Structures are given as C-alpha cells and as structure tokens.
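Here's coords_0.txt, which has compact mmCIF, C-alpha atoms:
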# COMPACT_ATOMS: atom_id res chain seq x y z
CA MET J 1 78.75 75.55 88.05
CA THR J 2 81.35 77.00 85.72
CA ILE J 3 85.06 76.29 85.73
CA SER J 4 85.64 79.82 86.97
CA SER J 5 83.36 79.39 89.96
CA ASP J 6 84.92 75.99 90.72
CA VAL J 7 88.41 77.51 90.72
CA LYS J 8 87.24 80.44 92.87
CA GLN J 9 85.61 78.03 95.33
CA CYS J 10 88.82 76.01 95.47
CA LEU J 11 90.76 79.23 96.13
CA SER J 12 88.42 80.08 98.97
CA ASN J 13 88.90 76.61 100.47
CA ILE J 14 92.69 76.94 100.17
CA LYS J 15 92.58 80.26 102.03
CA GLY J 16 90.62 78.60 104.84
CA ILE J 17 93.06 75.71 105.05
CA GLU J 18 96.01 78.10 105.09
CA SER J 19 94.41 80.01 107.96
CA GLN J 20 93.71 76.82 109.92
CA LEU J 21 97.29 75.64 109.48
CA SER J 22 98.57 78.99 110.72
CA SER J 23 96.36 78.71 113.79
CA LEU J 24 97.53 75.16 114.45
CA ALA J 25 101.17 76.23 114.13
CA LEU J 26 100.63 79.02 116.65
CA ASN J 27 98.65 76.95 119.14
CA SER J 28 100.57 73.68 119.06
CA LEU J 29 102.77 72.94 122.04
CA ASP J 30 104.94 70.46 120.13
CA ILE J 31 107.84 72.16 118.32
CA GLY J 32 107.94 69.50 115.61
CA ALA J 33 104.23 69.87 114.95
CA GLN J 34 104.59 73.64 114.81
CA GLU J 35 107.26 73.31 112.14
CA ILE J 36 105.21 70.87 110.07
CA PHE J 37 102.10 73.06 110.27
CA HIS J 38 104.13 76.11 109.32
CA GLU J 39 105.82 74.39 106.37
CA THR J 40 102.49 73.06 105.14
CA MET J 41 100.98 76.53 105.48
CA LEU J 42 103.79 77.91 103.29
CA THR J 43 103.06 75.22 100.69
CA MET J 44 99.38 76.17 100.74
CA ALA J 45 100.39 79.82 100.23
CA LEU J 46 102.17 78.80 97.02
CA VAL J 47 99.11 76.86 95.85
CA LYS J 48 96.94 79.89 96.69
CA LYS J 49 99.20 82.15 94.62
CA ASP J 50 98.99 79.78 91.65
CA LEU J 51 95.19 79.64 91.90
CA GLN J 52 94.95 83.43 92.14
CA THR J 53 96.99 83.65 88.95
CA ARG J 54 94.68 81.12 87.31
CA VAL J 55 91.59 83.12 88.31
CA LEU J 56 93.09 86.23 86.72
CA GLU J 57 93.90 84.23 83.60
CA LEU J 58 90.35 82.89 83.39
CA GLU J 59 88.92 86.38 83.77
CA ARG J 60 91.25 87.73 81.10
CA LEU J 61 90.62 84.93 78.61
CA GLU J 62 86.93 84.48 79.38
CA PRO J 63 85.45 87.93 80.14
CA GLN J 64 82.08 86.40 81.04
CA TYR J 65 83.71 84.94 84.19
CA LYS J 66 84.96 88.32 85.42
CA GLY J 67 83.58 89.22 88.81
CA SER J 68 81.44 86.10 89.19

Full structure transcribed into structure tokens:
Amino acid sequence: MTISSDVKQCLSNIKGIESQLSSLALNSLDIGAQEIFHETMLTMALVKKDLQTRVLELERLEPQYKGS
C-alpha cells in the first residue's frame, strides 16, 4: 500500500468517525454529552480538512498517486 492510499484510507475513516459523532450528538439525551460529541466532531472536521489538503498535495507532487 502506498502512502497516498494510506492517507486516503485514513481520510475515509475520519469521515466515518465525524459522521458517527454527529449522530451521537443528535441522539444523545444528555446535554453535556451532546456538547462533547459536537465539539469532537468539529475537531474531526479540522483533521479531515488537513488530510484533504494533504491528499491534494500528494497528488500534485506525485502524479502517479492521482486518482488512486
């Protein structure tokens, strides 16, 4: 597995985690838990953005990784 595919797999996992946190925030009955899930989801969104930037960088610097 290449670095590019590892980063893309990590990005996919982050998207899933972000979605799960959103669902937990919406479905939790405890206000404190809702806030924590929401804040953590926002943190994951920042990580996702950074990884998306990294994927674009990898594709730009290493054309063989583009679209894989």

Check the smallest atom-to-atom distance from each of J:Ser12, J:Gln64, J:Ser22, J:Thr53 to J:Glu39 using only C-alpha atoms, then report the winner. J:Ser22

For atom CA of J:Glu18 and atom CA of J:Met44, the interatomic separation in Å (one decimal):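 These two atoms are separated by 5.8 Å.
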
I'd like to know which of J:Thr43, J:Lys48, J:Arg60, J:Val55 is closest to J:Asn13, using all atoms listed in the file.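 Smallest separation from J:Asn13 among the options: J:Lys48.
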
Find the smallest box with edges along x, y and z containing every listed atom of stretch 13-30 of chain J, then add 6 Å on each side and report centre and edge lengths in Å to one decimal, as lines of an AutoDock Vina configuration file.
center_x = 96.9
center_y = 75.4
center_z = 111.1
size_x = 28.0
size_y = 21.8
size_z = 33.9

Among the residues J:Ser4, J:Gln9, J:Asn27, J:Thr40, the one that comes closest to J:Glu57 [using all atoms listed in the file]: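 Answer, going by the shortest atom-to-atom distance: J:Ser4.
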
Any idea what the distance is between atom CA of J:Leu24 and atom CA of J:Gln52?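 Taking atom CA of J:Leu24 and atom CA of J:Gln52, their separation equals 23.9 Å.
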